[in-house]
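Chemist: Please read through the structure below; I'll follow up with questions.
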Amino acid sequence: MMHTAVGWHIELEFMEDDQHTRAVAMVRLPDGSEVRAHGHATRHQVDNNQPRVGEEIAGARALNEIAMRLLEKAHEEIDQDSGRISHPIHV
């Protein structure tokens, strides 16, 4: 049996100030479609300024949203192909 390697290109960009970090994530699928999502993090005023931590939190939230949108996309494609409503895919 032959297996085909498939890759997805994922981009993450961050915008930051002293208190907030926003992340924008985008995954480009092999069919040319793109799925985008946003995430954010807010630093509490008593915490040290650690930009990397804000990026990790905002990035994780954006990637989590990408995951949920991919599940929704998969459901829609299953439903369209089968002509019925598919069972929820649980994370």
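Simple scheme: letters A, B, ... for chains in structure tokens order, numbers from 1 for residues in each chain, numbers from 1 for ligands in the order shown.
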Quick one: everything within 12 Å of Asp31 (chain A), counting only C-alpha atoms, minus sequence neighbours fewer than 2 positions away in the same chain. Send it as a PDB file with C-alpha atoms, in the first residue's frame.
Modeler:
ATOM      1  CA  VAL A   6       0.537  15.607   2.965  1.00  0.00           C
ATOM      2  CA  GLY A   7       1.675  18.775   4.666  1.00  0.00           C
ATOM      3  CA  TRP A   8      -0.183  21.762   6.012  1.00  0.00           C
ATOM      4  CA  HIS A   9       1.373  25.187   6.178  1.00  0.00           C
ATOM      5  CA  VAL A  27      -3.590  27.080   8.072  1.00  0.00           C
ATOM      6  CA  ARG A  28      -3.468  26.540   4.322  1.00  0.00           C
ATOM      7  CA  LEU A  29      -4.916  23.183   3.310  1.00  0.00           C
ATOM      8  CA  SER A  33      -8.639  26.635   1.281  1.00  0.00           C
ATOM      9  CA  GLU A  34      -7.537  28.582   4.354  1.00  0.00           C
ATOM     10  CA  VAL A  35      -8.778  28.493   7.927  1.00  0.00           C
TER      11      VAL A  35
END
Chemist: Taking the DSSP secondary structure from the backbone, can you list the residues of chain A that are alpha helix (DSSP H), as a PyMOL selection string?
Modeler: chain A and resi 51-82
Chemist: So how far away is CA of Asp81 (chain A) from CA of Met26 (chain A), in Å?
Modeler: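 Straight-line distance from CA of Met26 (chain A) to CA of Asp81 (chain A) works out to 25.4 Å.
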Chemist: Find the residue from A:Ala37, A:Asp18, A:Arg84, A:Gly32 that sits nearest to Ala67 (chain A); use only C-alpha atoms when measuring.
Modeler: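 Checking each candidate against Ala67 (chain A), we get A:Ala37 as the closest.
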Chemist: Rank nothing, just name the residue among A:Pro30, A:Arg69, A:Glu77, A:Ile57 nearest to Thr42 (chain A), using only C-alpha atoms.
Modeler: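 Checking each of A:Pro30, A:Arg69, A:Glu77, A:Ile57 against Thr42 (chain A), counting only C-alpha atoms, the winner is A:Ile57.
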Chemist: Hey, which of A:Ala25, A:Leu71, A:Met2, A:Ile78 ends up closest to His40 (chain A)? Count only C-alpha atoms.
Modeler: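 Going through A:Ala25, A:Leu71, A:Met2, A:Ile78 one by one, the smallest distance to His40 (chain A) is for A:Ala25.
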Chemist: Have a look at A:Glu76, A:Asp47, A:Glu65, A:Glu55 and name the one nearest to Met15 (chain A); count only C-alpha atoms.
Modeler: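 Among the listed residues, A:Glu55 lies closest to Met15 (chain A).
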Chemist: Write out as a PyMOL selection string the set of residues from chain A that DSSP, computed on the backbone, places in strand (DSSP E).
Modeler: chain A and resi 9-16+20-28+34-42
Chemist: Write out as a PyMOL selection string which residues come within 6 Å of Ala23 (chain A) when counting only C-alpha atoms, dropping same-chain ones fewer than 4 positions away.
Modeler: chain A and resi 13-14+38-39+58-59
Chemist: Using only N, CA, C and O atoms, please write the residues we just selected to a file, as an mmCIF file, in the first residue's frame.
Modeler:
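Contents of selection32.cif, as written:
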data_model
loop_
_atom_site.group_PDB
_atom_site.id
_atom_site.type_symbol
_atom_site.label_atom_id
_atom_site.label_comp_id
_atom_site.auth_asym_id
_atom_site.auth_seq_id
_atom_site.Cartn_x
_atom_site.Cartn_y
_atom_site.Cartn_z
ATOM 1 N N GLU A 13 1.089 34.923 13.585
ATOM 2 C CA GLU A 13 1.641 36.272 13.722
ATOM 3 C C GLU A 13 1.162 36.858 15.032
ATOM 4 O O GLU A 13 0.032 36.589 15.461
ATOM 5 N N PHE A 14 2.011 37.685 15.650
ATOM 6 C CA PHE A 14 1.696 38.267 16.951
ATOM 7 C C PHE A 14 1.789 39.787 16.902
ATOM 8 O O PHE A 14 2.653 40.341 16.230
ATOM 9 N N HIS A 38 -8.185 33.758 15.687
ATOM 10 C CA HIS A 38 -7.478 34.718 16.535
ATOM 11 C C HIS A 38 -7.396 34.185 17.958
ATOM 12 O O HIS A 38 -8.244 33.412 18.387
ATOM 13 N N GLY A 39 -6.392 34.636 18.674
ATOM 14 C CA GLY A 39 -6.265 34.341 20.098
ATOM 15 C C GLY A 39 -5.717 35.575 20.792
ATOM 16 O O GLY A 39 -5.150 36.460 20.154
ATOM 17 N N ALA A 58 -1.587 33.282 23.688
ATOM 18 C CA ALA A 58 -2.377 33.760 22.552
ATOM 19 C C ALA A 58 -2.275 32.797 21.375
ATOM 20 O O ALA A 58 -3.275 32.513 20.704
ATOM 21 N N GLY A 59 -1.082 32.268 21.126
ATOM 22 C CA GLY A 59 -0.893 31.310 20.041
ATOM 23 C C GLY A 59 -1.668 30.024 20.272
ATOM 24 O O GLY A 59 -2.306 29.495 19.350
#
Chemist: What does the distance from CA of Ile66 (chain A) to CA of Asn48 (chain A) come to in Å, to one decimal?
Modeler: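 A separation of 29.0 Å between them.
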